[in-house]
file coords15.cif (mmCIF, C-alpha atoms)
data_target
loop_
_atom_site.label_atom_id
_atom_site.label_comp_id
_atom_site.auth_asym_id
_atom_site.auth_seq_id
_atom_site.Cartn_x
_atom_site.Cartn_y
_atom_site.Cartn_z
CA MET A 828 -7.09 -9.68 2.15
CA LYS A 829 -7.20 -12.26 -0.61
CA PHE A 830 -9.22 -11.79 -3.78
CA GLY A 831 -12.90 -12.44 -3.14
CA ALA A 832 -12.65 -12.25 0.67
CA ARG A 833 -14.54 -8.96 0.89
CA ILE A 834 -17.31 -10.31 -1.34
CA LEU A 835 -17.62 -13.38 0.87
CA LYS A 836 -17.65 -11.30 4.04
CA THR A 837 -20.35 -9.00 2.65
CA GLY A 838 -22.55 -12.00 1.92
CA ILE A 839 -21.97 -13.44 5.40
CA ALA A 840 -22.72 -10.05 7.01
CA ILE A 841 -26.03 -9.76 5.15
CA VAL A 842 -27.02 -13.29 6.13
CA LEU A 843 -26.14 -12.62 9.78
CA ALA A 844 -28.02 -9.31 9.79
CA LEU A 845 -31.16 -10.88 8.28
CA TYR A 846 -30.97 -13.88 10.63
CA LEU A 847 -30.64 -11.69 13.74
CA SER A 848 -33.48 -9.47 12.56
CA GLU A 849 -35.78 -12.46 12.20
CA LEU A 850 -34.59 -13.87 15.53
CA LEU A 851 -35.46 -10.57 17.25
CA ASN A 852 -38.75 -10.33 15.31
CA LEU A 853 -37.88 -6.97 13.78
CA PRO A 854 -40.53 -6.01 11.22
CA ALA A 855 -38.10 -4.79 8.49
CA PRO A 856 -35.13 -7.19 8.27
CA VAL A 857 -34.27 -5.84 4.80
CA LEU A 858 -33.02 -2.64 6.46
CA SER A 859 -30.49 -4.65 8.45
CA GLY A 860 -29.31 -6.33 5.25
CA ILE A 861 -28.90 -3.00 3.47
CA ALA A 862 -27.02 -1.47 6.41
CA ALA A 863 -24.64 -4.45 6.54
CA ILE A 864 -23.43 -3.67 3.02
CA PHE A 865 -22.09 -0.24 3.96
CA ALA A 866 -20.06 -1.27 7.02
CA ILE A 867 -17.75 -3.90 5.47
CA GLN A 868 -14.25 -2.43 5.25
CA PRO A 869 -10.82 -3.78 4.18
CA THR A 870 -9.28 -3.46 7.68
CA ILE A 871 -10.58 -4.03 11.20
CA TYR A 872 -9.54 -0.50 12.17
CA ARG A 873 -11.48 1.01 9.28
CA SER A 874 -14.43 -1.21 10.14
CA TYR A 875 -14.34 0.10 13.72
CA GLN A 876 -14.19 3.69 12.47
CA THR A 877 -17.04 3.03 10.05
CA VAL A 878 -19.23 1.55 12.80
CA LEU A 879 -18.78 4.66 14.93
CA GLU A 880 -19.42 7.01 12.00
CA GLN A 881 -22.44 5.07 10.75
CA ILE A 882 -23.99 4.93 14.22
CA GLN A 883 -23.56 8.68 14.61
CA GLY A 884 -24.87 9.35 11.11
CA ASN A 885 -27.91 7.16 11.61
CA ILE A 886 -28.75 8.69 14.96
CA ILE A 887 -28.65 12.09 13.25
CA GLY A 888 -30.90 10.77 10.49
CA ALA A 889 -33.31 9.29 13.03
CA LEU A 890 -33.48 12.50 15.10
CA VAL A 891 -34.15 14.62 12.00
CA ALA A 892 -36.79 12.16 10.74
CA VAL A 893 -38.60 12.01 14.10
CA SER A 894 -38.49 15.79 14.47
CA PHE A 895 -39.96 16.34 10.99
CA VAL A 896 -42.74 13.81 11.51
CA LEU A 897 -43.71 15.26 14.89
CA LEU A 898 -43.59 18.85 13.63
CA PHE A 899 -44.67 18.63 9.98
CA GLY A 900 -45.93 15.10 9.36
CA ASN A 901 -44.59 12.60 6.85
CA ASP A 902 -45.70 14.18 3.59
CA ILE A 903 -43.45 13.23 0.67
CA PHE A 904 -42.24 16.83 0.38
CA MET A 905 -41.27 16.78 4.06
CA ILE A 906 -39.29 13.58 3.44
CA GLY A 907 -37.34 15.32 0.69
CA LEU A 908 -36.69 18.34 2.92
CA ALA A 909 -35.57 16.09 5.79
CA VAL A 910 -33.15 14.32 3.47
CA MET A 911 -31.66 17.68 2.45
CA VAL A 912 -31.22 18.65 6.10
CA VAL A 913 -29.53 15.32 6.92
CA ILE A 914 -27.12 15.65 3.98
CA THR A 915 -26.23 19.19 5.06
CA ILE A 916 -25.56 18.13 8.66
CA ASN A 917 -23.38 15.20 7.57
CA LEU A 918 -21.36 17.43 5.27
CA LYS A 919 -20.91 20.05 7.98
CA LEU A 920 -19.65 17.36 10.35
CA LYS A 921 -17.39 15.96 7.58
CA MET A 922 -19.18 12.61 7.68
CA ASP A 923 -19.55 12.13 3.92
CA LYS A 924 -19.40 8.33 4.13
CA THR A 925 -22.51 8.15 6.33
CA ILE A 926 -24.79 10.15 4.03
CA VAL A 927 -26.29 7.24 2.06
CA LEU A 928 -27.21 5.15 5.08
CA SER A 929 -28.49 8.23 6.95
CA ILE A 930 -30.86 8.89 4.04
CA VAL A 931 -32.02 5.26 4.18
CA THR A 932 -32.77 5.75 7.88
CA VAL A 933 -34.76 8.94 7.21
CA ILE A 934 -36.90 7.32 4.52
CA ALA A 935 -37.39 4.15 6.57
CA ILE A 936 -38.64 6.13 9.58
CA MET A 937 -40.73 8.69 7.69
CA GLU A 938 -42.61 6.24 5.47
CA SER A 939 -46.23 5.40 6.26
CA GLN A 940 -46.53 3.45 9.49
CA ASP A 941 -49.06 1.88 11.79
CA GLY A 942 -49.10 2.10 15.56
CA GLU A 943 -47.15 4.44 17.81
CA PHE A 944 -44.70 6.44 15.73
CA LEU A 945 -41.86 6.73 18.26
CA ASN A 946 -41.87 2.98 18.82
CA PHE A 947 -41.91 2.48 15.05
CA ALA A 948 -38.94 4.85 14.61
CA PHE A 949 -36.94 3.11 17.32
CA ILE A 950 -37.50 -0.30 15.72
CA ARG A 951 -36.44 0.98 12.29
CA LEU A 952 -33.31 2.61 13.71
CA SER A 953 -32.53 -0.60 15.61
CA SER A 954 -32.79 -2.59 12.36
CA VAL A 955 -30.25 -0.33 10.67
CA LEU A 956 -27.85 -0.39 13.63
CA LEU A 957 -28.13 -4.18 13.80
CA GLY A 958 -26.89 -4.43 10.20
CA ILE A 959 -23.93 -2.17 10.97
CA VAL A 960 -22.94 -4.20 14.04
CA SER A 961 -23.34 -7.46 12.10
CA SER A 962 -20.80 -6.27 9.54
CA PHE A 963 -18.34 -5.34 12.24
CA ILE A 964 -18.67 -8.77 13.86
CA VAL A 965 -18.09 -10.50 10.52
CA ASN A 966 -15.07 -8.30 9.75
CA LEU A 967 -13.64 -9.08 13.18
CA VAL A 968 -14.24 -12.85 13.18
CA PHE A 969 -14.39 -14.13 9.59
CA ILE A 970 -11.21 -13.91 7.50
CA PRO A 971 -9.69 -10.96 9.41
CA PRO A 972 -7.49 -9.07 6.92
CA LYS A 973 -3.73 -9.61 7.30
CA TYR A 974 -1.77 -7.22 5.14
CA GLU A 975 1.85 -7.86 6.15
CA ALA A 976 2.22 -11.04 4.09
CA LYS A 977 0.49 -9.41 1.12
CA LEU A 978 2.68 -6.31 1.42
CA TYR A 979 5.92 -8.33 1.53
CA THR A 980 4.81 -10.49 -1.40
CA ARG A 981 3.88 -7.47 -3.52
CA ILE A 982 7.15 -5.71 -2.69
CA THR A 983 9.04 -8.86 -3.70
CA ASP A 984 7.13 -9.26 -6.97
CA VAL A 985 7.44 -5.61 -8.05
CA THR A 986 11.11 -5.48 -7.08
CA GLU A 987 11.89 -8.67 -9.01
CA ASP A 988 10.22 -7.22 -12.11
CA ILE A 989 12.21 -3.98 -11.85
CA LEU A 990 15.53 -5.73 -11.24
CA LYS A 991 14.87 -8.11 -14.13
CA TRP A 992 14.38 -5.15 -16.47
CA ILE A 993 17.55 -3.45 -15.18
CA ARG A 994 19.57 -6.59 -15.92
CA ILE A 995 18.12 -6.90 -19.40
CA SER A 996 18.42 -3.19 -20.21
CA THR A 997 22.06 -2.88 -19.17
CA ARG A 998 22.86 -5.69 -21.59
CA HIS A 999 20.88 -4.07 -24.44
CA ALA A 1000 18.73 -7.19 -24.72
CA THR A 1001 15.27 -5.63 -24.75
CA GLU A 1002 12.93 -3.85 -27.12
CA HIS A 1003 12.65 -0.15 -26.33
CA THR A 1004 8.85 -0.11 -26.81
CA LEU A 1005 8.28 -3.19 -24.61
CA LEU A 1006 10.15 -1.64 -21.70
CA LYS A 1007 8.29 1.64 -22.16
CA LYS A 1008 4.97 -0.20 -21.85
CA ASP A 1009 6.14 -2.12 -18.78
CA ILE A 1010 7.36 1.05 -17.09
CA SER A 1011 3.76 2.31 -17.08
CA ARG A 1012 2.60 -0.96 -15.52
CA LEU A 1013 5.31 -0.86 -12.87
CA LYS A 1014 4.36 2.70 -11.98
CA ALA A 1015 0.79 1.58 -11.31
CA GLU A 1016 2.02 -1.34 -9.21
CA LEU A 1017 4.12 1.01 -7.09
CA LEU A 1018 0.99 3.05 -6.38
CA ASP A 1019 -0.76 -0.18 -5.36
CA LEU A 1020 2.13 -0.88 -2.99
CA GLU A 1021 1.45 2.42 -1.23
CA HIS A 1022 -2.21 1.43 -0.85
CA ILE A 1023 -1.35 -1.96 0.68
CA TYR A 1024 1.16 -0.27 2.99
CA SER A 1025 -1.54 2.10 4.24
CA MET A 1026 -3.82 -0.90 4.90
CA TYR A 1027 -1.06 -2.61 6.89
CA LYS A 1028 -0.34 0.60 8.78
CA GLU A 1029 -3.98 0.77 9.90
CA GLU A 1030 -3.90 -2.69 11.48
CA ARG A 1031 -3.78 -2.18 15.24
CA GLU A 1032 -1.81 -4.17 17.80
CA TYR A 1033 -3.45 -4.79 21.18
CA PHE A 1034 -0.28 -5.29 23.26
CA LYS A 1035 2.44 -2.70 23.87
CA LYS A 1036 5.26 -5.11 22.99
CA ASN A 1037 3.68 -5.88 19.63
CA SER A 1038 3.02 -2.20 19.01
CA VAL A 1039 6.73 -1.38 19.32
CA ALA A 1040 7.66 -4.17 16.92
CA LYS A 1041 4.91 -3.07 14.50
CA ALA A 1042 6.18 0.52 14.56
CA ARG A 1043 9.68 -0.61 13.65
CA LYS A 1044 8.33 -2.96 10.98
CA LEU A 1045 6.52 -0.03 9.41
CA VAL A 1046 9.84 1.81 9.15
CA VAL A 1047 11.46 -1.22 7.48
CA TYR A 1048 8.62 -1.69 4.98
CA ARG A 1049 8.55 2.03 4.21
CA GLN A 1050 12.27 1.87 3.42
CA MET A 1051 11.72 -1.24 1.29
CA ILE A 1052 9.21 0.68 -0.80
CA ILE A 1053 11.50 3.72 -1.05
CA THR A 1054 14.38 1.49 -2.18
CA THR A 1055 12.20 -0.22 -4.79
CA LYS A 1056 11.16 3.20 -6.06
CA LYS A 1057 14.82 4.17 -6.38
CA ALA A 1058 15.44 1.01 -8.37
CA PHE A 1059 12.51 1.98 -10.60
CA GLU A 1060 13.91 5.49 -11.03
CA THR A 1061 17.25 3.97 -12.03
CA LEU A 1062 15.48 1.74 -14.58
CA LYS A 1063 13.69 4.75 -16.10
CA ARG A 1064 16.97 6.62 -16.50
CA ILE A 1065 18.70 3.62 -18.04
CA HIS A 1066 15.81 3.48 -20.49
CA LYS A 1067 15.95 7.23 -21.18
CA PHE A 1068 19.73 7.44 -21.65
CA GLU A 1069 20.23 4.10 -23.37
CA ASN A 1070 21.82 5.62 -26.48
CA GLU A 1071 24.13 7.88 -24.47
CA VAL A 1072 25.40 4.96 -22.39
CA TYR A 1073 26.00 2.92 -25.55
CA GLN A 1074 28.27 5.67 -26.92
CA MET A 1075 30.41 5.81 -23.79
CA PRO A 1076 33.76 3.93 -23.65
CA GLU A 1077 33.49 0.19 -23.07
CA ASP A 1078 35.42 0.49 -19.81
CA PHE A 1079 32.82 2.90 -18.44
CA GLN A 1080 29.93 0.74 -19.66
CA ARG A 1081 31.51 -2.25 -17.94
CA SER A 1082 31.85 -0.29 -14.70
CA ILE A 1083 28.17 0.74 -14.75
CA LEU A 1084 27.13 -2.83 -15.54
CA GLN A 1085 29.17 -4.25 -12.65
CA GLN A 1086 27.93 -1.56 -10.30
CA LEU A 1087 24.27 -2.20 -11.09
CA ASP A 1088 24.71 -5.98 -10.95
CA SER A 1089 26.23 -5.66 -7.49
CA LEU A 1090 23.45 -3.38 -6.25
CA ILE A 1091 20.80 -5.71 -7.69
CA ARG A 1092 22.34 -8.72 -5.92
CA LYS A 1093 22.41 -6.78 -2.68
CA HIS A 1094 18.76 -5.75 -3.11
CA GLU A 1095 17.68 -9.34 -3.72
CA GLN A 1096 19.57 -10.58 -0.69
CA LEU A 1097 18.19 -7.86 1.57
CA ILE A 1098 14.66 -8.96 0.72
CA LEU A 1099 15.59 -12.52 1.71
CA LEU A 1100 17.42 -11.28 4.79
CA HIS A 1101 14.25 -9.58 6.05
CA ILE A 1102 12.42 -12.91 6.35
CA GLU A 1103 15.62 -14.65 7.49
CA LYS A 1104 15.91 -16.87 4.43
CA ILE A 1105 19.59 -16.04 4.77
CA LYS A 1106 21.43 -15.32 8.03
CA SER A 1107 23.53 -12.49 6.66
CA ILE A 1108 24.54 -11.11 3.29
CA GLU A 1109 28.24 -11.83 3.94
CA GLU A 1110 27.61 -15.56 4.42
CA ILE A 1111 25.99 -15.94 1.02
CA GLU A 1112 28.13 -13.85 -1.25
CA ASP A 1113 30.70 -11.08 -1.19
CA TRP A 1114 28.28 -8.89 -3.11
CA ASP A 1115 30.48 -5.79 -3.18
CA GLN A 1116 33.67 -7.36 -4.61
CA ASP A 1117 33.04 -5.66 -7.97
CA CYS A 1118 31.14 -2.70 -6.53
CA LEU A 1119 32.75 0.73 -6.40
CA SER A 1120 32.03 3.03 -3.51
CA ARG A 1121 29.83 5.99 -4.33
CA LYS A 1122 32.88 8.25 -4.20
CA GLU A 1123 34.88 5.96 -6.49
CA LEU A 1124 32.03 5.74 -9.00
CA LEU A 1125 31.73 9.51 -9.16
CA ALA A 1126 35.50 9.95 -9.50
CA HIS A 1127 35.64 7.33 -12.28
CA PHE A 1128 32.84 9.14 -14.12
CA PHE A 1129 34.58 12.53 -13.95
CA GLU A 1130 37.93 11.04 -15.00
CA GLN A 1131 36.44 10.12 -18.36
CA GLN A 1132 34.21 13.16 -18.78
CA ASN A 1133 36.67 15.45 -20.59
CA GLN A 1134 37.98 12.61 -22.75
CA VAL A 1135 34.48 11.58 -23.79
CA ASP A 1136 33.38 15.15 -24.55
CA GLU A 1137 36.42 15.64 -26.79
CA MET A 1138 35.70 12.41 -28.66
CA HIS A 1139 31.99 13.31 -29.11
CA ASP A 1140 32.19 17.09 -29.40
CA ASN A 1141 29.49 17.06 -32.06
CA LEU A 1142 27.03 15.41 -29.62
CA GLY A 1143 27.22 18.27 -27.14
CA HIS A 1144 28.62 17.15 -23.78
CA LEU A 1145 27.57 13.52 -23.93
CA SER A 1146 28.83 12.67 -20.44
CA ALA A 1147 27.01 15.63 -18.87
CA ARG A 1148 23.73 14.16 -20.05
CA LEU A 1149 24.50 11.01 -18.06
CA VAL A 1150 24.73 12.87 -14.74
CA PRO A 1151 21.05 12.03 -13.89
CA LEU A 1152 21.78 8.33 -14.41
CA ILE A 1153 24.90 8.40 -12.20
CA SER A 1154 22.90 10.33 -9.60
CA ALA A 1155 20.13 7.68 -9.65
CA VAL A 1156 22.67 4.84 -9.19
CA ILE A 1157 24.29 6.63 -6.23
CA GLU A 1158 20.90 7.32 -4.59
CA TYR A 1159 19.89 3.69 -5.12
CA ASP A 1160 23.09 2.60 -3.39
CA GLU A 1161 22.40 4.97 -0.46
CA GLN A 1162 18.87 3.64 0.03
CA LEU A 1163 20.10 0.03 -0.05
CA GLU A 1164 22.65 0.83 2.62
CA HIS A 1165 19.96 2.41 4.81
CA LEU A 1166 17.63 -0.55 4.25
CA GLU A 1167 20.34 -2.98 5.37
CA LYS A 1168 20.88 -1.04 8.60
CA LEU A 1169 17.15 -1.02 9.38
CA ILE A 1170 16.72 -4.76 8.73
CA VAL A 1171 19.74 -5.72 10.83
CA SER A 1172 18.61 -3.40 13.63
CA PHE A 1173 15.07 -4.79 13.59
CA GLN A 1174 16.24 -8.39 13.70
CA SER A 1175 18.56 -7.61 16.60
CA PHE A 1176 15.69 -6.43 18.81
CA HIS A 1177 12.60 -8.20 17.44
CA LYS A 1178 13.72 -11.59 16.18
CA GLU A 1179 10.71 -13.48 17.57
CA ASP A 1180 8.23 -10.97 16.15
CA ASN A 1181 9.72 -11.44 12.71
CA GLU A 1182 9.56 -15.23 12.93
CA ILE A 1183 5.79 -15.06 13.42
CA SER A 1184 5.31 -13.04 10.26
CA VAL A 1185 7.67 -15.29 8.31
CA GLN A 1186 5.63 -18.34 9.28
CA TYR A 1187 2.46 -16.60 8.08
CA GLU A 1188 4.04 -15.64 4.78
CA GLU A 1189 5.22 -19.17 4.09
CA ASP A 1190 1.72 -20.53 4.76
#

call {"tool": "encode", "arguments": {"input": "coords15.cif", "output": "structure tokens"}}
result
Amino acid sequence: MKFGARILKTGIAIVLALYLSELLNLPAPVLSGIAAIFAIQPTIYRSYQTVLEQIQGNIIGALVAVSFVLLFGNDIFMIGLAVMVVITINLKLKMDKTIVLSIVTVIAIMESQDGEFLNFAFIRLSSVLLGIVSSFIVNLVFIPPKYEAKLYTRITDVTEDILKWIRISTRHATEHTLLKKDISRLKAELLDLEHIYSMYKEEREYFKKNSVAKARKLVVYRQMIITTKKAFETLKRIHKFENEVYQMPEDFQRSILQQLDSLIRKHEQLILLHIEKIKSIEEIEDWDQDCLSRKELLAHFFEQQNQVDEMHDNLGHLSARLVPLISAVIEYDEQLEHLEKLIVSFQSFHKEDNEISVQYEED
């Protein structure tokens, strides 16, 4: 959902709730407007869940309010006691999100009224429920949230930032303090990625065929996020062991640089492959021509370990301190390989489903 969409939808929901209240000649349209505020949610699925919860919570509030008025009257102390009972019931039923609107319903029903009380209570409850339903209609019809395009875009942006920093860091062309500050920002953006992924996961498909494609897409996007996190972990270790890498032999530094450059190119191309900007990685570039296998990289590292430790005996096993960095590079490679398999597999079985999402992303 784009910036400002939820604000716009809240305003539209309030207008709709107030308009319908006046159209139906309900005496307290403001209650419908207030109720509409609480039911707007970032996804249609959450909106549906909220409608059900709010209806249940408000029926509980209405039943408690009516019972108290019939048994004890509507003294202000009774209103306070009724509110306490409603809060307790909502908490017991694990319906925390409905508490506020349930309280509004209790106060609205138990306030001073004219005419038949039960009729008055029904009208007030109807006003609240009308606001809830209005929000659901708005969430369903106006600017329905589409999270796949946003998720892909955010994954692309965060990944590009991380890969940019890896390139710069491996060439010793960055300020240590600047990268440290950006690492904190990237960590927050990765958390935001998880949030957007959960929003996309909650979007429901109404046809079985689409549901199967959606399930497999979720696996692909989950792996995309995992791979980006591995790239971020590699960046953090490059940053942490920058001095140790600099003291290693030039041949080893060159090998690490070539290895990371190859993995970065593969990562960039896999992101493009997912939306079919390229047909296959092999047709664009032989990305692994300078890339060692994971076994070869580990063997090359151990070949130099004893030599390096003898040269830098006073530093205390310099090469051993680089094991976490080598481990991160190998894990990053493994996740990229798994991501490639998932993307190729998805496109083999769900090509048309992917074309639809690509068209949306380009728009």

call {"tool": "atom_distance", "arguments": {"input": "coords15.cif", "atom1": "CA of Asp988 in chain A", "atom2": "CA of Asp1009 in chain A"}}
result
9.3 Å

call {"tool": "resolve_selection", "arguments": {"input": "coords15.cif", "expression": "the PyMOL selection byres ((chain A and resi 896) around 12)", "output": "JSON, numbers by chain"}}
result
{"A": [889, 890, 891, 892, 893, 894, 895, 897, 898, 899, 900, 901, 902, 903, 904, 905, 906, 908, 909, 933, 934, 936, 937, 938, 939, 940, 944, 945, 947, 948]}

call {"tool": "resolve_selection", "arguments": {"input": "coords15.cif", "expression": "the PyMOL selection byres ((chain A and resi 1014) around 12)", "output": "PyMOL selection string"}}
result
chain A and resi 985-986+988-989+1007-1013+1015-1021+1055-1060+1062-1063

call {"tool": "resolve_selection", "arguments": {"input": "coords15.cif", "expression": "the PyMOL selection byres ((chain A and resi 846-849) around 10)", "output": "PyMOL selection string"}}
result
chain A and resi 840-845+850-860+953-955+957-958+961

call {"tool": "write_last_selection", "arguments": {"input": "coords15.cif", "atoms": "C-alpha atoms", "output": "short mmCIF file (atom, residue, chain, number, x, y, z; two decimals), in the coordinates of the input"}}
result
data_model
loop_
_atom_site.label_atom_id
_atom_site.label_comp_id
_atom_site.auth_asym_id
_atom_site.auth_seq_id
_atom_site.Cartn_x
_atom_site.Cartn_y
_atom_site.Cartn_z
CA ALA A 840 -22.72 -10.05 7.01
CA ILE A 841 -26.03 -9.76 5.15
CA VAL A 842 -27.02 -13.29 6.13
CA LEU A 843 -26.14 -12.62 9.78
CA ALA A 844 -28.02 -9.31 9.79
CA LEU A 845 -31.16 -10.88 8.28
CA LEU A 850 -34.59 -13.87 15.53
CA LEU A 851 -35.46 -10.57 17.25
CA ASN A 852 -38.75 -10.33 15.31
CA LEU A 853 -37.88 -6.97 13.78
CA PRO A 854 -40.53 -6.01 11.22
CA ALA A 855 -38.10 -4.79 8.49
CA PRO A 856 -35.13 -7.19 8.27
CA VAL A 857 -34.27 -5.84 4.80
CA LEU A 858 -33.02 -2.64 6.46
CA SER A 859 -30.49 -4.65 8.45
CA GLY A 860 -29.31 -6.33 5.25
CA SER A 953 -32.53 -0.60 15.61
CA SER A 954 -32.79 -2.59 12.36
CA VAL A 955 -30.25 -0.33 10.67
CA LEU A 957 -28.13 -4.18 13.80
CA GLY A 958 -26.89 -4.43 10.20
CA SER A 961 -23.34 -7.46 12.10
#

call {"tool": "closest_residue", "arguments": {"input": "coords15.cif", "among": "A:Ser1172, A:Thr980, A:Thr915, A:Gln1085", "to": "Arg994 in chain A", "atoms": "all atoms listed in the file"}}
result
A:Gln1085

call {"tool": "atom_distance", "arguments": {"input": "coords15.cif", "atom1": "CA of His1101 in chain A", "atom2": "CA of Ala1042 in chain A"}}
result
15.5 Å

call {"tool": "atom_distance", "arguments": {"input": "coords15.cif", "atom1": "CA of Asn1070 in chain A", "atom2": "CA of Thr1001 in chain A"}}
result
13.1 Å

call {"tool": "residues_around", "arguments": {"input": "coords15.cif", "residues": "Leu1166 in chain A", "least_positions_apart": "2", "cutoff": "12 Å", "atoms": "all atoms listed in the file", "output": "JSON, numbers by chain"}}
result
{"A": [1044, 1046, 1047, 1048, 1049, 1050, 1051, 1052, 1053, 1054, 1055, 1057, 1093, 1094, 1095, 1096, 1097, 1098, 1100, 1101, 1159, 1160, 1161, 1162, 1163, 1164, 1168, 1169, 1170, 1171, 1172, 1173]}

call {"tool": "closest_residue", "arguments": {"input": "coords15.cif", "among": "A:Glu975, A:Asn966, A:Pro1151, A:Phe865", "to": "Thr925 in chain A", "atoms": "only C-alpha atoms"}}
result
A:Phe865

call {"tool": "closest_residue", "arguments": {"input": "coords15.cif", "among": "A:His1022, A:Lys919, A:Arg998, A:Arg1043", "to": "Glu1069 in chain A", "atoms": "all atoms listed in the file"}}
result
A:Arg998

call {"tool": "closest_residue", "arguments": {"input": "coords15.cif", "among": "A:Val968, A:Ala1000, A:Gln1074, A:Leu928", "to": "Ile861 in chain A", "atoms": "all atoms listed in the file"}}
result
A:Leu928

call {"tool": "residues_near_point", "arguments": {"input": "coords15.cif", "point": "(-0.7, 0.0, 8.1)", "cutoff": "10 Å", "atoms": "all atoms listed in the file", "output": "ChimeraX atom specification"}}
result
/A:870,872,974-975,978,1021-1031,1041-1042,1044-1045,1048

call {"tool": "closest_residue", "arguments": {"input": "coords15.cif", "among": "A:Lys924, A:Leu956, A:Ile887, A:Ala976", "to": "Val912 in chain A", "atoms": "all atoms listed in the file"}}
result
A:Ile887
